[in-house]
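These notes concern the structure reproduced below.
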Amino acid sequence: MTSGATTGVPVPAEPAVRRRLRRRPPEPVRRALGQYVALVGYYLLIAVVLLLVTVLGVKGAADASARLVPFLLAAAGVVFVGRRVIPTRQRWALAVAVGSSLAVQLACYYILVQVVGGGATELDGNSAFFSVVLAAVGPILALPAMLNLLRARRWFNGERERQIRADEIGARPIADPLMGPARAATAALPAPTAAPTDRPVAAPSGTIEIGAIVPLPASAARDRSAAGPLLAVRDLRKHFPIHGGVLRRQIGTVYAVDGVTFDVMRGETFSLVGESGCGKTTLGRTVLQLTPPTSGRVVFDGYELEDVEPNDMRPLRRRMQIIFQDPFGSLNPRMPISDIIGEGLLSQGLTDRQARDKKVEDSLEIVGLRREYTRRYPHEFSGGQRQRIGVARALALSPDFIVADEPVSALDVSIQSQVLNLLYDLKRDLNLTYLFISHNLSVIQYFSDRVGVMYLGKLVEIGTVEQLYRNPRHPYTVALLSAIPEADPRRRRKRLILKGDLPSPAAPPAGCRFHTRCWLRERLGNPENCVTQEPEVRSLGDTGHQVACHWTEEISQTTVSEAAAESPAIVAAAVEDE
Amino acid sequence: MMKFVTRRVLQAIPVLLGVTVVVYAILLAAPGGPEAKFAQNPRITQAQKDSFRKAWGLDQPIPIQYGRWMGILNPSGEGLGVLIGPAGLPNFLPTPLSGATNGVLHGDFGYSIDSGEPVSNRIIRAALPTFILAGTALVLWIVVAIVLGVYAAIHRYSLFDQGATVFAYVGYAMPTFWLGIMLIFAFSGPGLNILPAGGMTETRISPPFGSPEYWVYFGSNTPQALGDIAKHLVLPVITLVVVNIAGDSRFVRASMLESLGQDYVRTARAKGLPARTVNFKHALRNALLPVVTNIGLEIPFLFTGAIVTETIFSWPGIGKLTIDATRDFDYPILMGVLLVTSVMVVLANLLADILYGVIDPRIKY
Amino acid sequence: MTAAAATTGASTPHSDGDRLLDVRNMQTRFHVMDGVVPAVDGVSFTLDRGRTLGIVGESGSGKSVTALTIMRLLDIPPAEIGAGSEAWFDGRDLLALSESEMRKVRGKDIAMIFQEPLTSLNPVFTVGAQIAEQVQTHLHVRAREAWSRVVEMLRLVGIPSPERRAKQYPHELSGGMRQRVMIAMALSCEPKLLIADEPTTALDVTVQAQILELLKTIQQRTGSALIMITHDLGVIAETVDDVIVMYAGQVVEQGSVADVLLEPRMPYTMGLIESIPTVEKRGGRLSAISGVVPSPFHLPPACRFEPRCPYAWDTCRDRMPDLSVTRDAERHARCHLHVAGAASRLEAAVSQHRQNMRVGRQLTDSV
């Protein structure tokens with residue numbers, strides 16, 4: 001427990017100490033361990049067969065069982081060695097693991113030959129052959145496990161400690177103009193995004209106005225203090241397998257998050273917006289490593305969050321917290337508030353009950369609840385209060401990064417604004433960085449600095465709120481903004497209404513994922529490359545505004561209003577997919 | 001659907017193999033054994049005991065006994081030959097391939113120690129009476145339970161609902177043996193002597209049920225024979241129905257209540273449909289989904305029968321066979337009954353799953 | 001021009017021929033374990049043919065219960081409809097009809113669309129069968145004609161290849177399509193009144209835009225009246241002519257949508273509008289309504305909004321305000337600010353509201 005922010009005092013920035021993170025055994029090693037366990041199963045199978053064969057020959061079950069003892073011991077030994085020695089990650093462990101494995105296999109084989117050839121004279125030649133074959137399969141089965149271990153030898157040789165220094169990330173065209181000239185450090189990553197600069201926005205041709213939004217100064221540059229982004233996400237993917245068929249094999253994949261790249265600067269509120277099923281919630285969880293990514297990188301404050309050993313992950317977990325959408329489902333109804341909030345503190349090693357309770361009460365106070373509430377249970381609170389408890393739970397650990405996953409969606413309008421104000425105040429007072437996930441475009445516009453628009457697992461547009469809301473460059477963003485119901489009757493306008501529903505993320509359309517519903521493509525006479533070629537994310541000038549559309553230059557006031565005028569009165573519910 | 005069935009059947013194989021092992025192990029763990037019957041008998045010499053053990057293969061190591069019973073091992077083989085059937089292929093393969101005829105895998109459940117008859121004959125002979133008794137009772141109690149449950153749910157908290165609740169608790173709490181004996185007491189004993197107290201047929205006028213002579217008699221006096229069976233059915237069926245209706249009607253009621261509270265029932269009412277359509281089309285159809293699964297799981301009862309009820313009423317079914325076999329240390333019969341029962345349970349589960357898929361369009365296999 | 005008088009039967013500019021629905025002093029209570037919940041407490045409003053009325057309020061305000069009471073879809077008990085309640089629809093008091101007469105009204109004259117289209121459709125019947133069932137019940141046609149009506153309706157609501165879709169089950173359709181099916185079902189018997197209870201809350205924003213557009217178009221085309229129940233002021237602004245705002249079971253403000261949203265005259269409505277995040281408020285705090293909705297078991301004795309009201313004074317704690325007419329005869333607000341003698345307070349509240357709507361620091365100086 002460092003940096004103990006208790007009450008509203010701002011947390012001092014932590015010194016840039018980069019402790020080395022140990023990595024969890026990589027996939028091949030974990031797989032090898034599993035394979036050794038499977039091997040034991042095989043030995044048990046041999047044991048049964050051998051029991052039968054031997055018993056038939058010798059007519060003495062006890063004798064036969066006695067002969068099996070070395071086999072079972074050998075099998076148990078391999079697993080024991082594997083499970084205990086391998087995770088120590090010492091250099092000799094590889095040799096021990098592979099060597100002992102091989103030795104034990106061969107010993108088993110030898111013993112079996114001895115049993116069959118020497119001891120069990122009553123068995124005929126056929127049985128002997130049969131048994132030898134059975135035993136010989138053991139070492140063969142052990143081979144993949146050993147190969148897996150050898151494949152991971154780099155891990156045994158000390159490359160298990162992986163760390164990326166903050167300035168290595170996207171060092172070249174570095175996000176922040178205040179950081180000065182790009183560092184010489186080799187860019188470990190293709191630099192993705194650029195935050196707003198203080199240069200005037202070079203508006204691409206044909207700026208459009210969606211609604212009557214007041215023009216604002218283009219410059220929104222602000223001091224982003226410490227070096228580099230707090231969170232860097234590079235080509236992150238999270239796929240979920242779909243199983244089916246007789247053997248429950250994988251028959252499909254849900255591409256929930258499919259190649260997403262963005263940075264979140266210190267002290268910034270970066271929002272993800274999209275419709276349900278676009279992968280924004282999965283992205284939030286994958287970023288926090290609550291669910292392991294399929295591929296891609298997440299670098300938090302210079303630490304690469306891939307396969308980090310649980311013990312080393314814990315201090316980072318403290319710094320990254322999440323607020324969930326559902327204030328009813330996300331609090332355990334059988335736990336008092338003190339435990340709900342204190343649990344995280346306990347797991348961070350704060351075992352002193354009194355200190356913990358103090359901290360719990362402090363965080364309750366921060367979110368505007370009374371200190372006495374610690375002994376109460378979730379059902380005694382209203383929705384808004386529960387959401388405050390959820391915030392207090394996250395804050396108790398003094399994080400500096402919070403993923404807020406639809407924190408106000410389940411709340412009534414009047415309560416929603418209370419919680420938004422709370423989040424806003426906390427951010428200001430505690431110097432927090434938010435990854436704010438919502439489908440509510442008004443809330444996002446009010447609350448965030450920069451926004452990423454997601455569609456079917458991909459970011460289609462990234463920009464500051466001003467850029468995105470005043471000058472959307474992706475046809476989906478245009479439609480999304482146009483669809484917001486406007487509470488001010490004076491601002492009623494002709495909407496641009498999209499056709500159909502979101503396609504299934506298990507079968508995303510080829511090329512540009514949006515092409516099945518795209519109004520712009522229709523206006524342009526259905527150009528071929530929308531279907532054949534997936535649009536790259538490209539930067540518009542050096543404004544930090546990024547968009548993934550082949551035809552973004554075609555978006556203009558004219559095209560939009562023409563498309564809106566042509567929006568059919570009754571919009572086809574579905575693009576004919578079949 | 002075919003894929004699903006195939007997968008489930010494939011999954012059932014290891015389960016059933018496991019069941020045979022467990023069944024075998026349980027009987028081994030039970031005190032006594034086939035020879036326990038005469039273990040204390042001073043007139044049986046050690047030599048006689050040994051020859052009994054040898055004759056039934058009890059002198060063999062247990063894995064071998066199991067292997068022979070299963071039909072993996074060939075009892076007449078020598079050395080490696082024990083694994084090979086008469087046709088030269090492994091013994092556990094089906095009879096047409098291996099030529100082997102012994103063991104469960106080839107449909108041979110062995111012989112009853114008590115009577116020397118093949119176990120399968122005894123089981124088949126007991127199955128019909130059980131099927132008659134359990135089938136009648138099952139149909140009756142399911143129908144009554146659904147009617148009771150649905151009606152109670154629609155008229156929730158009414159007098160009828162409360163009456164049904166009381167009846168259910170009383171029925172649930174009533175021990176079968178007590179109810180059976182009370183019924184006998186009331187209808188065939190000192191009270192009204194109008195119904196037979198036990199058995200399946202009137203032995204004074206007809207040959208014993210199931211014997212060849214009985215079927216001759218049945219052929220010539222069909223109405224009379226049927227009436228006779230029906231009369232004997234009344235008391236055991238009442239016993240079974242009263243006891244089992246309780247749980248099922250509660251289940252139906254709960255399911256129906258849940259269904260009635262759903263949004264689509266409100267939609268149906270908002271559409272202006274008559275109450276009958278709302279209740280019996282929209283609510284009931286959905287309420288029956290879990291009920292059907294439950295019924296599917298009750299199907300094995302048709303075979304396993306009700307041990308206590310059959311014993312009280314001397315009904316010559318599987319339940320009574322089981323009790324008799326237990327008393328006589330007739331292990332092959334017990335093994336056979338337990339195994340067939342397990343197969344029935346596995347099949348019933350499969351059937352319930354398939355049925356669910358048929359009646360619920362949301363389920364795709 | 002229509003959302004009308006608190007005291008009904010009073011002079012209105014409309015002849016009775018125009019009036020479709022006239023709800024008078026509706027009271028609905030629920031008898032629950034902990035006591036009695038006055039879910040709807042003296043609600044009155046009117047609706048003319050072909051007009052749209054929005055009912056807006058937060059959860060627990062009684063807006064859905066109002067609709068369910070009009071439809072008589074509440075189970076009695078636990079619900080209880082107060083003795084003086086009346087709901088005149090097309091010359092008949094719905095609350096006095098027999099159940100079988102009411103059944104002929106439901107689905108035929110008044111149809112309803114619910115919030116959650118997935119659970120509102122029966123999962124075990126095809127969507128076509130569910131619509132056909134209603135058509136057959138009310139229009140007394142044969143199965144084949146009913147089916148062609150189903151296909152026609154599905155086409156009307158913009159479902160492509162309606163013949164095929166009609167044979168599908170609800171779970172095979174997407175959320176937006178299910179809501180279209182619900183709309184097709186509601187419209188299948190050409191109702192005079194359509195009640196939509198949060199029809200787009202469960203939908204995504206682009207699909208919500210589709211559904212709202214569809215509702216507007218169809219309502220114009222068929223000329224049926226529409227009651228739109230929602231918590232979303234944006235949806236209200238987009239779809240309705242008149243609006244009533246409900247709080248804790250009572251109507252607290254009513255008027256035309258432009259008036260109510262642009263010049264609210266009741267502090268609760270003001271607070272609701274102020275708490276919508278907009279671009280002008282960026283960088284500043286939202287002006288939130290403090291506190292929470294009162295528990296229905298412990299309603300404040302006088303004005304129900306008083307504990308949360310920034311402008312409350314002694315009178316507000318003494319007497320329940322009436323739904324009084326404001327300066328404009330068509331506008332009603334339940335607030336003491338509108339009684340004579342509170343004019344200066346009203347001025348202060350209104351100017352405070354205007355300021356709250358404008359407030360918000362410049363974008364650049366946030367953080």
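Within each chain, counting starts at residue 1; across the structure tokens, chains are named A, B, ... in the order shown, with ligands numbered 1 upward in that order.
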Write down as a PyMOL selection string the residues belonging to range 81-170 of chain B that are assigned alpha helix (DSSP H) by DSSP computed on the backbone.
chain B and resi 95-98+119-154+159-170
List every residue of range 213-435 of chain A that DSSP, applied to the backbone, labels as strand (DSSP E), and write the result as JSON, numbers by chain.
{"A": [231, 232, 233, 234, 235, 236, 237, 238, 239, 240, 241, 242, 243, 244, 249, 250, 251, 252, 253, 254, 255, 256, 257, 258, 259, 260, 261, 262, 263, 264, 269, 270, 271, 272, 273, 295, 296, 297, 298, 299, 300, 303, 304, 320, 321, 322, 323, 401, 402, 403, 404, 405, 433, 434, 435]}
Got a sec to pull out which chain C residues are within 8 Å of chain B, counting only C-alpha atoms, and send them as a list in words?
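Result: Met71, Leu73, Ser100, Met102, Arg103, Lys104, Val105, Arg106, Gly107, Lys108, Ala111, Met112, Phe114, Thr119, Ser120, Leu121, Asn122, Pro123, Val124, Gln134, Thr137, His138, Tyr169, His171 and Ala186 of chain C.
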Let me see the file: selected residues, C-alpha atoms, as a compact mmCIF listing (two decimals), in the first residue's frame.
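Once written, again_2.txt looks like this:
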```
# COMPACT_ATOMS: atom_id res chain seq x y z
CA MET C 71 -55.81 -1.07 -20.03
CA LEU C 73 -54.16 -5.13 -16.96
CA SER C 100 -65.66 -9.31 -21.44
CA MET C 102 -63.02 -4.67 -21.80
CA ARG C 103 -61.51 -7.61 -23.64
CA LYS C 104 -63.07 -6.33 -26.85
CA VAL C 105 -61.44 -2.94 -26.26
CA ARG C 106 -58.00 -4.32 -25.56
CA GLY C 107 -56.05 -5.02 -28.69
CA LYS C 108 -58.86 -3.68 -30.84
CA ALA C 111 -53.18 -1.47 -28.14
CA MET C 112 -50.04 -1.44 -26.10
CA PHE C 114 -44.05 -2.80 -24.00
CA THR C 119 -39.87 -11.12 -23.00
CA SER C 120 -43.08 -9.57 -24.25
CA LEU C 121 -43.36 -12.04 -27.08
CA ASN C 122 -44.22 -15.65 -26.30
CA PRO C 123 -41.09 -17.67 -27.01
CA VAL C 124 -42.86 -20.82 -28.14
CA GLN C 134 -55.08 -11.12 -32.26
CA THR C 137 -59.90 -12.64 -32.07
CA HIS C 138 -61.00 -9.14 -32.97
CA TYR C 169 -39.77 -17.42 -33.49
CA HIS C 171 -35.53 -15.44 -30.48
CA ALA C 186 -50.42 -3.52 -31.81
```
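Shortest atom-to-atom contact with chain C among A:Leu345, A:Val299, A:Ala256, A:Ala487: A:Ala487, counting only C-alpha atoms.
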Just checking: using only C-alpha atoms, which residue out of A:Leu456, A:Ile497, A:Ala563, A:Val391 ends up closest to chain C?
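Using only C-alpha atoms, the shortest distance to chain C belongs to A:Ile497.
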I'd like the neighbourhood of range 425-439 of chain A as a ChimeraX atom specification, where a residue qualifies if any of its atoms comes within 6 Å (using only C-alpha atoms), though same-chain residues fewer than 2 positions away should be ignored.
/A:10-11,266-275,400-406,422-423 /C:367
If you count only C-alpha atoms, which residues fall within 8 Å of Ala134 in chain B, apart from same-chain ones fewer than 5 positions away, as a ChimeraX atom specification?
/B:237,301-303,305-306
Okay, now the selection with all heavy atoms, as a PDB file, in the first residue's frame?
```pdb
ATOM      1  N   VAL B 237     -52.355 -48.707  -6.951  1.00  0.00           N
ATOM      2  CA  VAL B 237     -52.324 -47.482  -7.751  1.00  0.00           C
ATOM      3  C   VAL B 237     -52.690 -46.282  -6.881  1.00  0.00           C
ATOM      4  O   VAL B 237     -52.017 -45.247  -6.932  1.00  0.00           O
ATOM      5  CB  VAL B 237     -53.266 -47.602  -8.972  1.00  0.00           C
ATOM      6  CG1 VAL B 237     -53.534 -46.230  -9.566  1.00  0.00           C
ATOM      7  CG2 VAL B 237     -52.652 -48.502 -10.020  1.00  0.00           C
ATOM      8  N   PHE B 301     -39.248 -44.998 -13.712  1.00  0.00           N
ATOM      9  CA  PHE B 301     -40.136 -45.591 -12.714  1.00  0.00           C
ATOM     10  C   PHE B 301     -40.963 -46.709 -13.322  1.00  0.00           C
ATOM     11  O   PHE B 301     -41.298 -47.682 -12.648  1.00  0.00           O
ATOM     12  CB  PHE B 301     -41.048 -44.484 -12.166  1.00  0.00           C
ATOM     13  CG  PHE B 301     -42.093 -44.966 -11.221  1.00  0.00           C
ATOM     14  CD1 PHE B 301     -41.769 -45.283  -9.912  1.00  0.00           C
ATOM     15  CD2 PHE B 301     -43.403 -45.119 -11.628  1.00  0.00           C
ATOM     16  CE1 PHE B 301     -42.743 -45.729  -9.041  1.00  0.00           C
ATOM     17  CE2 PHE B 301     -44.376 -45.576 -10.772  1.00  0.00           C
ATOM     18  CZ  PHE B 301     -44.044 -45.878  -9.463  1.00  0.00           C
ATOM     19  N   LEU B 302     -41.278 -46.573 -14.616  1.00  0.00           N
ATOM     20  CA  LEU B 302     -42.049 -47.613 -15.288  1.00  0.00           C
ATOM     21  C   LEU B 302     -41.348 -48.954 -15.184  1.00  0.00           C
ATOM     22  O   LEU B 302     -41.976 -49.994 -15.193  1.00  0.00           O
ATOM     23  CB  LEU B 302     -42.216 -47.265 -16.769  1.00  0.00           C
ATOM     24  CG  LEU B 302     -43.175 -46.140 -17.076  1.00  0.00           C
ATOM     25  CD1 LEU B 302     -43.179 -45.860 -18.560  1.00  0.00           C
ATOM     26  CD2 LEU B 302     -44.565 -46.519 -16.619  1.00  0.00           C
ATOM     27  N   PHE B 303     -40.021 -48.890 -15.148  1.00  0.00           N
ATOM     28  CA  PHE B 303     -39.305 -50.152 -15.076  1.00  0.00           C
ATOM     29  C   PHE B 303     -38.922 -50.505 -13.638  1.00  0.00           C
ATOM     30  O   PHE B 303     -39.118 -51.625 -13.194  1.00  0.00           O
ATOM     31  CB  PHE B 303     -38.054 -50.097 -15.937  1.00  0.00           C
ATOM     32  CG  PHE B 303     -37.249 -51.351 -15.829  1.00  0.00           C
ATOM     33  CD1 PHE B 303     -37.628 -52.473 -16.562  1.00  0.00           C
ATOM     34  CD2 PHE B 303     -36.184 -51.445 -14.966  1.00  0.00           C
ATOM     35  CE1 PHE B 303     -36.930 -53.645 -16.436  1.00  0.00           C
ATOM     36  CE2 PHE B 303     -35.484 -52.618 -14.836  1.00  0.00           C
ATOM     37  CZ  PHE B 303     -35.849 -53.730 -15.578  1.00  0.00           C
ATOM     38  N   GLY B 305     -40.149 -49.610 -10.881  1.00  0.00           N
ATOM     39  CA  GLY B 305     -41.272 -49.910 -10.016  1.00  0.00           C
ATOM     40  C   GLY B 305     -41.106 -49.316  -8.649  1.00  0.00           C
ATOM     41  O   GLY B 305     -40.181 -48.557  -8.373  1.00  0.00           O
ATOM     42  N   ALA B 306     -42.038 -49.619  -7.833  1.00  0.00           N
ATOM     43  CA  ALA B 306     -42.027 -49.095  -6.487  1.00  0.00           C
ATOM     44  C   ALA B 306     -41.788 -50.263  -5.545  1.00  0.00           C
ATOM     45  O   ALA B 306     -42.655 -51.112  -5.377  1.00  0.00           O
ATOM     46  CB  ALA B 306     -43.354 -48.423  -6.182  1.00  0.00           C
TER      47      ALA B 306
END
```
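Pairwise distance (CA of Phe381 in chain A, CA of Val413 in chain A) equals 17.4 Å.
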So that I can check the surroundings of Trp147 in chain C, please list as a PyMOL selection string every protein, DNA and RNA residue that reaches within 10 Å of it, counting only C-alpha atoms and ignoring chain neighbours fewer than 5 positions away.
chain C and resi 128-129+131-133+135-136+141-142+152-153+163+166
Residues near Leu323 in chain C, cut-off 8 Å, only C-alpha atoms, skip fewer than 4 positions along chain, as a list of chain:residue names
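The filter keeps C:Ala6, C:Val251, C:Val252, C:Glu253, C:His332, C:Ala333, C:Arg334, C:Cys335.
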Selection from above, N, CA, C and O atoms, as a PDB file, in the first residue's frame, can you write it?
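Saved file selection-v4.pdb follows:
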```pdb
ATOM      1  N   ALA C   6     -57.580  20.012 -15.609  1.00  0.00           N
ATOM      2  CA  ALA C   6     -57.501  19.197 -14.410  1.00  0.00           C
ATOM      3  C   ALA C   6     -58.900  18.803 -13.992  1.00  0.00           C
ATOM      4  O   ALA C   6     -59.163  17.659 -13.654  1.00  0.00           O
ATOM      5  N   VAL C 251     -49.487  13.960 -11.245  1.00  0.00           N
ATOM      6  CA  VAL C 251     -49.093  14.827 -12.347  1.00  0.00           C
ATOM      7  C   VAL C 251     -48.563  16.103 -11.727  1.00  0.00           C
ATOM      8  O   VAL C 251     -49.239  16.727 -10.913  1.00  0.00           O
ATOM      9  N   VAL C 252     -47.338  16.486 -12.073  1.00  0.00           N
ATOM     10  CA  VAL C 252     -46.809  17.719 -11.501  1.00  0.00           C
ATOM     11  C   VAL C 252     -46.755  18.852 -12.508  1.00  0.00           C
ATOM     12  O   VAL C 252     -46.649  20.011 -12.137  1.00  0.00           O
ATOM     13  N   GLU C 253     -46.791  18.501 -13.782  1.00  0.00           N
ATOM     14  CA  GLU C 253     -46.796  19.574 -14.772  1.00  0.00           C
ATOM     15  C   GLU C 253     -47.373  19.040 -16.064  1.00  0.00           C
ATOM     16  O   GLU C 253     -47.165  17.877 -16.418  1.00  0.00           O
ATOM     17  N   HIS C 332     -50.346  23.600 -16.812  1.00  0.00           N
ATOM     18  CA  HIS C 332     -50.646  23.342 -15.423  1.00  0.00           C
ATOM     19  C   HIS C 332     -49.382  22.929 -14.704  1.00  0.00           C
ATOM     20  O   HIS C 332     -48.569  22.196 -15.262  1.00  0.00           O
ATOM     21  N   ALA C 333     -49.241  23.363 -13.480  1.00  0.00           N
ATOM     22  CA  ALA C 333     -48.101  22.928 -12.686  1.00  0.00           C
ATOM     23  C   ALA C 333     -48.559  22.755 -11.250  1.00  0.00           C
ATOM     24  O   ALA C 333     -49.356  23.544 -10.742  1.00  0.00           O
ATOM     25  N   ARG C 334     -48.075  21.694 -10.614  1.00  0.00           N
ATOM     26  CA  ARG C 334     -48.447  21.460  -9.226  1.00  0.00           C
ATOM     27  C   ARG C 334     -47.378  22.097  -8.350  1.00  0.00           C
ATOM     28  O   ARG C 334     -46.411  21.438  -7.971  1.00  0.00           O
ATOM     29  N   CYS C 335     -47.549  23.368  -8.081  1.00  0.00           N
ATOM     30  CA  CYS C 335     -46.505  24.049  -7.327  1.00  0.00           C
ATOM     31  C   CYS C 335     -47.060  25.315  -6.701  1.00  0.00           C
ATOM     32  O   CYS C 335     -47.843  26.040  -7.313  1.00  0.00           O
TER      33      CYS C 335
END
```
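Rounded to one decimal, CA of Thr532 in chain A and CA of Glu461 in chain A lie 20.0 Å from each other.
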Could you work out which residues of chain C fall inside 8 Å of chain A? Count only C-alpha atoms, and format the result as a ChimeraX atom specification.
/C:58-59,157-160,174,176-177,180,204-210,213-214,217,231,233-238,257-258,261-262,271-272,275-279,281-283,285-290,292,363-364,367
